[in-house]
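Written out below as structure tokens is the structure these notes cover.
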2 protein chains.
Amino acid sequence: MMIRITFPDGSLKEYNKGISSLEIAEQISPQLAKEVYAATVNGEVWDLTRPINGDATIRLHKWEDEAARHAFWHSSAHLMAEALESLYPGIKFGIGPAIENGFYYDVDPGDGKTITEADLAAVENKMKELAAKKLVYKRKEVSKKEAMDYFTKKGDDYKTELISELEDGTISLYTQGNFTDLCRGPHLPTTEPIKAIKLTSVAGAYWRGNENKKMLTRIYGITYPKQKMLDEYLVLLEEARKRDHRRIGKELELFTFSQKVGMGLPLWLPRGADIRQNLIDYLTSVLRKRGYKIVTTPHIGNVNLYKLSGHFEKYGTSSFRPMSTPQEGEQFMLKPMNCPHHCEIYNSTPHSYKELPLRMAEFGTVYRYEQSGELHGLTRVRSFTQDDAHHFCRPDQLREEFKSIIDLILYILRILNFNDYTAQISLRDPDNKEKYIGTDENWEKAERDIIVAAGEKNLETTVVPGEAAFYGPKLDFMVKDAIGRKWQLGTIQVDYNLPERFDLTYNGSDNQKHRPVMIHRTIFGSLERFVAVLIENSAGKFPLWLAPEKAVILPISEKFNDYALKVLEILNNSDICTLIDDRSEKIGKKIRDNELRRIPYLLIIGEKEAVSGTVAVRKQGEGDRGSMTVEDFANFIKAEIKKETAL
Amino acid sequence: MMIRITFPDGSLKEYNKGISSLEIAEQISPQLAKEVYAATVNGEVWDLTRPINGDATIRLHKWEDEAARHAFWHSSAHLMAEALESLYPGIKFGIGPAIENGFYYDVDPGDGKTITEADLAAVENKMKELAAKKLVYKRKEVSKKEAMDYFTKKGDDYKTELISELEDGTISLYTQGNFTDLCRGPHLPTTEPIKAIKLTSVAGAYWRGNENKKMLTRIYGITYPKQKMLDEYLVLLEEARKRDHRRIGKELELFTFSQKVGMGLPLWLPRGADIRQNLIDYLTSVLRKRGYKIVTTPHIGNVNLYKLSGHFEKYGTSSFRPMSTPQEGEQFMLKPMNCPHHCEIYNSTPHSYKELPLRMAEFGTVYRYEQSGELHGLTRVRSFTQDDAHHFCRPDQLREEFKSIIDLILYILRILNFNDYTAQISLRDPDNKEKYIGTDENWEKAERDIIVAAGEKNLETTVVPGEAAFYGPKLDFMVKDAIGRKWQLGTIQVDYNLPERFDLTYNGSDNQKHRPVMIHRTIFGSLERFVAVLIENSAGKFPLWLAPEKAVILPISEKFNDYALKVLEILNNSDICTLIDDRSEKIGKKIRDNELRRIPYLLIIGEKEAVSGTVAVRKQGEGDRGSMTVEDFANFIKAEIKKETAL
């Protein structure tokens, strides 16, 4: 019997029933078959070897696809488990998933036994030995009882605990070589492609993330089909380690955290607070020129405000919880979003159609309770300041307004030298329209507006149906940093929901009340996250306009400290934040030390400079720039900053 | 038998036992006796007529003293009560205190009866009639039972409720004419001095401030010994009404409040947010030049942080209460103060004696739960942003550091044209040293340092023992506004407590650990309150540098709208925030309307201006200033702002 297979380009071929994705790939080209690691069949990711028994759509996944890497790394986790079991008989296994880069397995080596980083080389070698055997990954669907019997007999308590929570009829096992694991798959056909292997680190991890349960040993690793790819990754990893914003944040005294204040609540030290403020000041001045009005609202609101907006349902118990007051029955919440406050400002005065669009911006701090295990430097925090704005506009203004926001975001990204960006358009799931609020007409118009606006701005976009917010479609921006990593930044979202809930209106030219549309947008996303991205992108070497100090004065001996103070005063009075290094150290050491501080300019002064009222200018990382008068230097810095911040 | 009376200047006289303060005043001079309204005897404010039976210190209070006005207005409240009782037989009385300006009485006229503002003239007349009778206020100490019997018989339920909560042996009644009240006193000798009477308003007030209890009628009034004083007060009252920041804040769209967000939580509208930001930006630039480091900290902290600092004890239940999180046993609080966060920043790195003083500033928002009845515009709110700073210094640096802060505060007050200010030095109560923490040596040094520093800065100060904070002495600043009202602004406080609690240290030149002293200081107090003061002082006519918009462009007809837009763009690109009024109205009306908006400059443009690239400049409230090119105008504005903000 023949089945009909539809390919992503819409083309259609007939094959024998029971053919596998791998066989289909081989028929297309033997080379292709070597490059694919998984397939999506009828919307579900499958083992390449799983037989297809009916008409289907198919997408073959090469390395570039996340689904391919996922199968590759998940299979590698099983391979590592087999290696561990052969080296540590009696070892028990928790969970072993693929992650963004590689995989891990949580294991329990048994009482009194440990696995440390020193042991990893031996595990790697065993994995290579096993992989070379080209072991086949075999899928087997089993009953709950069979699964339970198998792992009970093996004595793997963690697996039996997991199985006990699964539904009968949904359970599968995968076996390669001597190792069998409880697993949904999908996996590679064999271990053969796993050519390059690196186990990267060992950490402790509580079973099921619960600190009252046993601490297991988490072993991280990564694998590739080619050694060259692994080598490149390890270079990137080392580079990323050097750029880690937590490390640089500490080294350059940008921010800190305090257990007493609370985890995930950043304390901005002076130099970090200055960078943050420079971003705010710059963006504010750009926004003002683009007709934004800046507002300031409190960080809390009555719970009823969030019941009205719908945020209470989402954040009321899973985040920071409501606080009571001496007044009975009254409760307030930390704001999880700024929008309800902005709606209330909109509602504080009547509006005419002539006033719209109304662009309301705030650097608004919001609070979300992330689990402590998920906190990470400035990128996952519990309080963060969004560069938030809400555009209240007429439906007929939506497309133009959307385009103006794309313009603004691209302008800011260029200023910040993020020239490699992509965007994702998230639309409604056309098969589940009931999940969304708002009329079909509005949705169709808004989706069309976003697609057309993005097209007119020549944005490179991917369109993903089903990823819209329940209140409207959106456009998300991602940038690539200096070492090729992608970071999600700002977003533009259309919203029909809050205008309804807050009964926002404007008087139309027909003198009737109409409902405005709201656009939510951020450019940076949050200042905390964005400063982290800036640090990782620049390795802490900020552009002049963002740097907390623009220059440091290095007198070559104590004799010139007075002149140094004079220079300092002139520069600081010109609002050019400058430091002085008046330690009694040799000038060579002072230069070396201050180069490490990444202050953009070093001003060396001695006899010649003191007499002529000049400074010898040295650019950080680049060397000598000759002498200039202090006033010329001040003007030079101002001109440089102007150049950096204007396109 | 003779007793010895000591006067405030230290002089001492002997009198017969049982002499009253009034008799002492008469012996000094009959004129003085007419000018005093109360006396402080051995630290307690007394009726002038109360006999003194032992050695005592005495201070006689003339009108200038708050104690004199308090007795005067409290006696006036009783007088009003008597008048009300004669006009509304059966009326019941709640409480009737003196307030900052005048007095009120909460009354219950009886079921179905009301007292409105239309009725007040009759009450005033009755009061005048009674006052002219020179009724004597007679004090009588009574037992709880006597008091209870009296008011039970009278049927005054509110008074009996109050009495039921008093301790026997502490109860006194005052009687004048036909009226007797439960009262601690003190009062005037007679009603004679109450010459000028004005009942100002009627409001509703729940009995005991509890909205579940009965709504009483609160009648406000004010009285003076001379009609001229009352007339002056009423003029001031009218002037204050016109300057009320709540009224102007609404009219000029500076801020708003939303019931949904919560009472007492200001929402800064764009124009108000700009004024607030202009204050922040200006103060920040001054602070940077004075060596301050700006930090940014979250608005919340773990409750344990405030248990450590001692703030939990004060604010834990009487303010916004702690909030829980999905993690069991974990609680956070809105910050009532910024200091604990700054201590944690101090502790994030080690410090050497060479680094001190360390000046850490933050525009830090704090939260206090004021009772809803006490909320008042921007002056009493539930969230406010302090212009807060903490100076961490060595004990030997305290005096100089204190002087530098006085300098800074006086500098800022002069910039803001508050040239009439006073200061209060609050010291430890020398008789109750155990109420304070810290060594005698530190206290004596700190108090001496403050007194000497204030002296060296030629500050006009009053010194008040017993008013220090428990952790150290302080200096508070008051300014007089354009219509003579006093406003308390910033404060400088010495603190030995938090350095202990947070174990703050620095390495001394002896390489040992030492404890720094902390100075807390604000200049404005809070931005919310200060903007209110600025509004009331300027009646909404802000100085150019603070004004949200510097100019408004008024094209004389639509023909010149294009040129107007060109002018707008040039000015906004020069960061001179400018508006345009392109309504199709006559230019006369446009000028009148925009004068009312208090925008500092009106730029009128027509044919002549469009051709020559100029604007016709008009200064708000002052008239024509001639023509200049747009660029000249931009430079003129920048120069004016520089003049205003530099001394």
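Chain labels A, B, ... are given in the sequence in which chains occur in the structure tokens; within each chain residues are numbered consecutively from 1, and ligands are likewise numbered from 1 in the order shown.
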
Select from chain B every residue with an atom at most 8 Å from any atom of chain A, then for each give the shortest pair of atoms and their distance in Å to one decimal, using only C-alpha atoms, rows by chain and rising number, as CSV.
```
residue,atom,partner,partner_atom,distance
B:Thr256,CA,A:Ser348,CA,7.2
B:Ser258,CA,A:Glu344,CA,6.7
B:Lys260,CA,A:Leu305,CA,5.4
B:Val261,CA,A:Gly301,CA,4.6
B:Gly262,CA,A:Asn302,CA,5.5
B:Leu265,CA,A:Pro298,CA,6.3
B:Pro266,CA,A:Thr297,CA,6.8
B:Leu267,CA,A:Thr297,CA,4.8
B:Trp268,CA,A:Thr296,CA,5.0
B:Leu269,CA,A:Val295,CA,5.4
B:Pro270,CA,A:Val295,CA,4.9
B:Ala273,CA,A:Val295,CA,5.5
B:Asp274,CA,A:Ile294,CA,7.3
B:Ser285,CA,A:Asp575,CA,7.7
B:Lys289,CA,A:Asn572,CA,6.5
B:Lys293,CA,A:Pro270,CA,5.5
B:Ile294,CA,A:Pro270,CA,5.2
B:Val295,CA,A:Pro270,CA,4.9
B:Thr296,CA,A:Trp268,CA,5.0
B:Thr297,CA,A:Leu267,CA,4.8
B:Pro298,CA,A:Leu265,CA,6.3
B:His299,CA,A:His299,CA,7.9
B:Ile300,CA,A:Val261,CA,7.7
B:Gly301,CA,A:Val261,CA,4.6
B:Asn302,CA,A:Val261,CA,5.3
B:Asn304,CA,A:Lys260,CA,6.8
B:Leu305,CA,A:Lys260,CA,5.4
B:Thr317,CA,A:Pro326,CA,7.2
B:Ser318,CA,A:Pro326,CA,6.0
B:Ser319,CA,A:Thr325,CA,6.1
B:Phe320,CA,A:Thr325,CA,4.9
B:Arg321,CA,A:Ser324,CA,5.5
B:Pro322,CA,A:Met323,CA,6.0
B:Met323,CA,A:Met323,CA,4.8
B:Ser324,CA,A:Arg321,CA,5.5
B:Thr325,CA,A:Phe320,CA,4.9
B:Pro326,CA,A:Ser318,CA,6.0
B:His341,CA,A:Val261,CA,6.9
B:Glu344,CA,A:Ser258,CA,6.7
B:Ile345,CA,A:Leu267,CA,7.1
B:Ser348,CA,A:Thr256,CA,7.2
B:Tyr369,CA,A:Thr325,CA,7.3
B:Ser383,CA,A:Pro298,CA,7.0
B:Asn572,CA,A:Lys289,CA,6.5
B:Asn573,CA,A:Lys289,CA,6.9
B:Asp575,CA,A:Ser285,CA,7.7
```

query = Which residues in segment 416-542 of chain B does DSSP call alpha helix (DSSP H)? List them as a PyMOL selection string.
reply = chain B and resi 440-456+497-501+527-538

Using N, CA and C atoms, can you export the residues from the last selection as an mmCIF file, in the first residue's frame?
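Listing of part_0.cif after writing:
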```
data_model
loop_
_atom_site.group_PDB
_atom_site.id
_atom_site.type_symbol
_atom_site.label_atom_id
_atom_site.label_comp_id
_atom_site.auth_asym_id
_atom_site.auth_seq_id
_atom_site.Cartn_x
_atom_site.Cartn_y
_atom_site.Cartn_z
ATOM 1 N N ASP B 440 28.339 58.203 75.548
ATOM 2 C CA ASP B 440 28.312 59.619 75.917
ATOM 3 C C ASP B 440 29.317 60.418 75.100
ATOM 4 N N GLU B 441 30.482 59.840 74.959
ATOM 5 C CA GLU B 441 31.560 60.540 74.262
ATOM 6 C C GLU B 441 31.144 60.867 72.823
ATOM 7 N N ASN B 442 30.601 59.869 72.126
ATOM 8 C CA ASN B 442 30.161 60.078 70.746
ATOM 9 C C ASN B 442 29.045 61.116 70.675
ATOM 10 N N TRP B 443 28.086 61.034 71.592
ATOM 11 C CA TRP B 443 26.978 61.983 71.593
ATOM 12 C C TRP B 443 27.467 63.400 71.820
ATOM 13 N N GLU B 444 28.320 63.541 72.829
ATOM 14 C CA GLU B 444 28.799 64.894 73.128
ATOM 15 C C GLU B 444 29.554 65.467 71.949
ATOM 16 N N LYS B 445 30.361 64.626 71.350
ATOM 17 C CA LYS B 445 31.127 65.084 70.192
ATOM 18 C C LYS B 445 30.186 65.448 69.036
ATOM 19 N N ALA B 446 29.231 64.580 68.769
ATOM 20 C CA ALA B 446 28.328 64.818 67.629
ATOM 21 C C ALA B 446 27.495 66.076 67.856
ATOM 22 N N GLU B 447 26.973 66.253 69.069
ATOM 23 C CA GLU B 447 26.157 67.442 69.347
ATOM 24 C C GLU B 447 27.004 68.703 69.211
ATOM 25 N N ARG B 448 28.214 68.633 69.742
ATOM 26 C CA ARG B 448 29.116 69.783 69.640
ATOM 27 C C ARG B 448 29.419 70.048 68.169
ATOM 28 N N ASP B 449 29.677 68.986 67.424
ATOM 29 C CA ASP B 449 29.985 69.153 66.002
ATOM 30 C C ASP B 449 28.829 69.848 65.269
ATOM 31 N N ILE B 450 27.604 69.441 65.553
ATOM 32 C CA ILE B 450 26.456 70.051 64.867
ATOM 33 C C ILE B 450 26.328 71.522 65.251
ATOM 34 N N ILE B 451 26.432 71.811 66.549
ATOM 35 C CA ILE B 451 26.275 73.194 67.011
ATOM 36 C C ILE B 451 27.365 74.081 66.428
ATOM 37 N N VAL B 452 28.591 73.579 66.457
ATOM 38 C CA VAL B 452 29.699 74.376 65.916
ATOM 39 C C VAL B 452 29.544 74.546 64.405
ATOM 40 N N ALA B 453 29.193 73.466 63.726
ATOM 41 C CA ALA B 453 29.044 73.532 62.261
ATOM 42 C C ALA B 453 27.960 74.541 61.887
ATOM 43 N N ALA B 454 26.810 74.484 62.565
ATOM 44 C CA ALA B 454 25.716 75.419 62.277
ATOM 45 C C ALA B 454 26.157 76.846 62.574
ATOM 46 N N GLY B 455 26.911 77.017 63.659
ATOM 47 C CA GLY B 455 27.412 78.344 64.016
ATOM 48 C C GLY B 455 28.357 78.870 62.946
ATOM 49 N N GLU B 456 29.277 78.035 62.550
ATOM 50 C CA GLU B 456 30.258 78.477 61.545
ATOM 51 C C GLU B 456 29.587 78.823 60.228
ATOM 52 N N ASN B 497 23.791 54.029 65.180
ATOM 53 C CA ASN B 497 23.064 52.781 65.367
ATOM 54 C C ASN B 497 23.268 51.802 64.216
ATOM 55 N N LEU B 498 22.932 52.234 62.984
ATOM 56 C CA LEU B 498 23.025 51.302 61.860
ATOM 57 C C LEU B 498 24.441 50.784 61.639
ATOM 58 N N PRO B 499 25.494 51.624 61.802
ATOM 59 C CA PRO B 499 26.845 51.056 61.647
ATOM 60 C C PRO B 499 27.088 49.875 62.592
ATOM 61 N N GLU B 500 26.493 49.942 63.793
ATOM 62 C CA GLU B 500 26.599 48.807 64.728
ATOM 63 C C GLU B 500 25.803 47.619 64.213
ATOM 64 N N ARG B 501 24.538 47.891 63.907
ATOM 65 C CA ARG B 501 23.645 46.790 63.535
ATOM 66 C C ARG B 501 24.125 46.063 62.286
ATOM 67 N N LEU B 527 10.493 64.270 46.965
ATOM 68 C CA LEU B 527 10.198 64.988 45.719
ATOM 69 C C LEU B 527 8.725 65.358 45.660
ATOM 70 N N GLU B 528 7.859 64.476 46.173
ATOM 71 C CA GLU B 528 6.425 64.734 46.130
ATOM 72 C C GLU B 528 6.112 65.990 46.941
ATOM 73 N N ARG B 529 6.539 65.985 48.206
ATOM 74 C CA ARG B 529 6.285 67.117 49.074
ATOM 75 C C ARG B 529 6.938 68.384 48.515
ATOM 76 N N PHE B 530 8.155 68.243 47.996
ATOM 77 C CA PHE B 530 8.862 69.428 47.539
ATOM 78 C C PHE B 530 8.192 70.045 46.316
ATOM 79 N N VAL B 531 7.712 69.204 45.405
ATOM 80 C CA VAL B 531 6.994 69.754 44.254
ATOM 81 C C VAL B 531 5.735 70.475 44.741
ATOM 82 N N ALA B 532 5.069 69.920 45.755
ATOM 83 C CA ALA B 532 3.905 70.599 46.328
ATOM 84 C C ALA B 532 4.310 71.976 46.858
ATOM 85 N N VAL B 533 5.426 72.044 47.591
ATOM 86 C CA VAL B 533 5.904 73.321 48.129
ATOM 87 C C VAL B 533 6.226 74.286 46.991
ATOM 88 N N LEU B 534 6.891 73.769 45.945
ATOM 89 C CA LEU B 534 7.226 74.632 44.801
ATOM 90 C C LEU B 534 5.964 75.185 44.157
ATOM 91 N N ILE B 535 4.956 74.341 44.014
ATOM 92 C CA ILE B 535 3.701 74.790 43.397
ATOM 93 C C ILE B 535 3.058 75.862 44.266
ATOM 94 N N GLU B 536 2.992 75.621 45.571
ATOM 95 C CA GLU B 536 2.317 76.577 46.454
ATOM 96 C C GLU B 536 3.123 77.877 46.561
ATOM 97 N N ASN B 537 4.439 77.736 46.483
ATOM 98 C CA ASN B 537 5.290 78.929 46.573
ATOM 99 C C ASN B 537 5.194 79.777 45.304
ATOM 100 N N SER B 538 5.145 79.122 44.160
ATOM 101 C CA SER B 538 5.197 79.855 42.886
ATOM 102 C C SER B 538 3.817 80.001 42.266
#
```

Residues of segment 338-490 of chain B in strand (DSSP E), written as a ChimeraX atom specification = /B:358-367,383-393,421-427,461-465,474-480,486-490

For the residues in the current selection, export N, CA and C atoms as a short mmCIF file (atom, residue, chain, number, x, y, z; two decimals), in the first residue's frame.
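Output contents, as saved in again_24.cif:
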```
data_model
loop_
_atom_site.label_atom_id
_atom_site.label_comp_id
_atom_site.auth_asym_id
_atom_site.auth_seq_id
_atom_site.Cartn_x
_atom_site.Cartn_y
_atom_site.Cartn_z
N LEU B 358 32.53 58.46 52.31
CA LEU B 358 31.90 57.89 51.14
C LEU B 358 30.47 58.42 51.12
N ARG B 359 30.14 59.08 50.01
CA ARG B 359 28.83 59.75 49.94
C ARG B 359 27.96 59.00 48.94
N MET B 360 26.93 58.34 49.44
CA MET B 360 26.10 57.47 48.60
C MET B 360 24.71 58.08 48.49
N ALA B 361 24.31 58.41 47.29
CA ALA B 361 23.02 59.09 47.10
C ALA B 361 22.08 58.24 46.26
N GLU B 362 20.79 58.38 46.53
CA GLU B 362 19.79 57.70 45.72
C GLU B 362 18.49 58.47 45.78
N PHE B 363 17.82 58.59 44.65
CA PHE B 363 16.45 59.06 44.67
C PHE B 363 15.62 57.82 44.95
N GLY B 364 15.45 57.55 46.23
CA GLY B 364 14.92 56.24 46.65
C GLY B 364 13.47 56.37 47.08
N THR B 365 12.63 55.52 46.50
CA THR B 365 11.22 55.58 46.82
C THR B 365 10.91 54.70 48.02
N VAL B 366 10.23 55.25 49.00
CA VAL B 366 9.87 54.52 50.21
C VAL B 366 8.36 54.58 50.41
N TYR B 367 7.85 53.70 51.24
CA TYR B 367 6.40 53.51 51.40
C TYR B 367 6.03 53.58 52.87
N SER B 383 3.47 56.69 49.03
CA SER B 383 4.76 56.35 48.42
C SER B 383 5.42 57.66 48.03
N PHE B 384 6.65 57.82 48.41
CA PHE B 384 7.34 59.06 48.06
C PHE B 384 8.82 58.80 47.84
N THR B 385 9.40 59.68 47.03
CA THR B 385 10.79 59.49 46.63
C THR B 385 11.66 60.49 47.37
N GLN B 386 12.49 59.97 48.25
CA GLN B 386 13.40 60.83 49.00
C GLN B 386 14.62 61.15 48.15
N ASP B 387 15.12 62.39 48.27
CA ASP B 387 16.43 62.69 47.70
C ASP B 387 17.42 62.35 48.81
N ASP B 388 17.64 61.08 48.93
CA ASP B 388 18.29 60.51 50.10
C ASP B 388 19.80 60.40 49.87
N ALA B 389 20.56 60.54 50.94
CA ALA B 389 21.99 60.23 50.84
C ALA B 389 22.49 59.79 52.19
N HIS B 390 23.51 58.96 52.16
CA HIS B 390 24.18 58.52 53.37
C HIS B 390 25.66 58.79 53.22
N HIS B 391 26.20 59.48 54.24
CA HIS B 391 27.63 59.75 54.27
C HIS B 391 28.24 58.80 55.29
N PHE B 392 29.15 57.96 54.83
CA PHE B 392 29.86 57.08 55.74
C PHE B 392 31.19 57.75 56.02
N CYS B 393 31.43 58.14 57.28
CA CYS B 393 32.68 58.86 57.52
C CYS B 393 33.35 58.43 58.82
N TYR B 421 15.01 80.98 55.65
CA TYR B 421 14.95 79.64 56.22
C TYR B 421 15.44 79.67 57.66
N THR B 422 15.03 78.69 58.42
CA THR B 422 15.54 78.53 59.79
C THR B 422 15.89 77.06 59.95
N ALA B 423 16.55 76.76 61.05
CA ALA B 423 16.93 75.37 61.28
C ALA B 423 16.78 75.05 62.75
N GLN B 424 16.47 73.80 63.02
CA GLN B 424 16.34 73.36 64.41
C GLN B 424 17.37 72.28 64.70
N ILE B 425 18.12 72.48 65.77
CA ILE B 425 19.08 71.47 66.22
C ILE B 425 18.40 70.63 67.30
N SER B 426 18.29 69.34 67.07
CA SER B 426 17.63 68.47 68.04
C SER B 426 18.68 67.65 68.77
N LEU B 427 18.72 67.83 70.09
CA LEU B 427 19.72 67.15 70.90
C LEU B 427 19.07 66.09 71.77
N THR B 461 19.40 79.17 64.18
CA THR B 461 18.90 77.89 64.67
C THR B 461 18.21 78.03 66.01
N THR B 462 17.29 77.11 66.29
CA THR B 462 16.81 76.93 67.65
C THR B 462 17.34 75.57 68.08
N VAL B 463 17.72 75.47 69.35
CA VAL B 463 18.25 74.21 69.86
C VAL B 463 17.21 73.59 70.77
N VAL B 464 16.81 72.36 70.46
CA VAL B 464 15.75 71.72 71.24
C VAL B 464 16.24 70.41 71.85
N PRO B 465 16.53 70.42 73.15
CA PRO B 465 16.95 69.17 73.78
C PRO B 465 15.77 68.19 73.83
N LYS B 474 20.27 65.75 65.33
CA LYS B 474 19.96 66.11 63.94
C LYS B 474 19.70 67.60 63.78
N LEU B 475 19.67 68.00 62.52
CA LEU B 475 19.43 69.39 62.15
C LEU B 475 18.36 69.39 61.07
N ASP B 476 17.22 70.09 61.34
CA ASP B 476 16.12 70.12 60.37
C ASP B 476 15.97 71.52 59.79
N PHE B 477 15.66 71.58 58.51
CA PHE B 477 15.52 72.87 57.83
C PHE B 477 14.05 73.20 57.54
N MET B 478 13.68 74.47 57.78
CA MET B 478 12.35 74.96 57.44
C MET B 478 12.51 76.16 56.51
N VAL B 479 11.67 76.26 55.49
CA VAL B 479 11.70 77.46 54.65
C VAL B 479 10.37 78.18 54.75
N LYS B 480 10.44 79.51 54.50
CA LYS B 480 9.22 80.30 54.44
C LYS B 480 8.89 80.49 52.98
N LYS B 486 5.45 78.36 56.64
CA LYS B 486 6.68 77.59 56.87
C LYS B 486 6.48 76.15 56.42
N TRP B 487 7.49 75.63 55.80
CA TRP B 487 7.47 74.23 55.35
C TRP B 487 8.73 73.54 55.83
N GLN B 488 8.57 72.39 56.42
CA GLN B 488 9.75 71.63 56.79
C GLN B 488 10.28 70.89 55.57
N LEU B 489 11.58 71.05 55.32
CA LEU B 489 12.17 70.34 54.18
C LEU B 489 13.18 69.32 54.71
N GLY B 490 14.44 69.50 54.31
CA GLY B 490 15.44 68.48 54.55
C GLY B 490 15.89 68.33 55.99
#
```

request  = May I have the residues within 12 Å of Asp510 of chain A as a ChimeraX atom specification, using only C-alpha atoms and disregarding those fewer than 4 positions away in the same chain?
outcome  = /A:352-354,506,514

message = Excluding Ile605 of chain B and its own-chain neighbours fewer than 4 positions away, which residues fall within 12 Å of it when counting only C-alpha atoms? Please give them as a PyMOL selection string.
response = chain B and resi 552-568+580-582+587+591+609-618+626-630

Who sits within 9 Å of segment 14-22 of chain A, only C-alpha atoms, same chain under 2 positions skipped, as a VMD selection string = chain A and resid 1 to 6 12 24 to 27 33 36 to 41 46 to 55 58 to 60 189

query = What's the 12 Å shell around Asn419 of chain B, counting only C-alpha atoms, without same-chain residues fewer than 5 positions away, as a VMD selection string?
reply = chain B and resid 409 to 414 459 478 to 482 484

Selected residues written out with C-alpha atoms, as a tab-separated table (two decimals), in the first residue's frame:
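Here's the written file result_35.tsv:
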```tsv
chain	number	residue	atom	x	y	z
B	409	ILE	CA	21.49	72.51	51.41
B	410	LEU	CA	21.91	76.30	51.57
B	411	TYR	CA	23.23	76.31	48.01
B	412	ILE	CA	20.19	74.44	46.75
B	413	LEU	CA	17.76	76.60	48.77
B	414	ARG	CA	19.32	79.74	47.27
B	459	LEU	CA	22.61	79.41	60.48
B	478	MET	CA	12.35	74.96	57.44
B	479	VAL	CA	11.70	77.46	54.65
B	480	LYS	CA	9.22	80.30	54.44
B	481	ASP	CA	7.28	80.47	51.20
B	482	ALA	CA	6.12	83.48	49.19
B	484	GLY	CA	4.94	83.44	54.68
```

query = Contacts of segment 76-91 of chain B at 9 Å or less, counting only C-alpha atoms, minus same-chain residues fewer than 3 places along, as a PyMOL selection string?
reply = chain B and resi 71-73+96-98+102-105+107-110+122-127+129-131+154-156+174-181+191+194+197+221-223

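Of the listed residues (A:Leu173, A:Arg243, A:Gly249, A:Lys62), A:Lys62 comes nearest to Gln31 of chain A; the distances count only C-alpha atoms.
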
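With atom CA of Lys140 of chain A on one side and atom CA of Leu182 of chain A on the other, the separation reads 9.8 Å.
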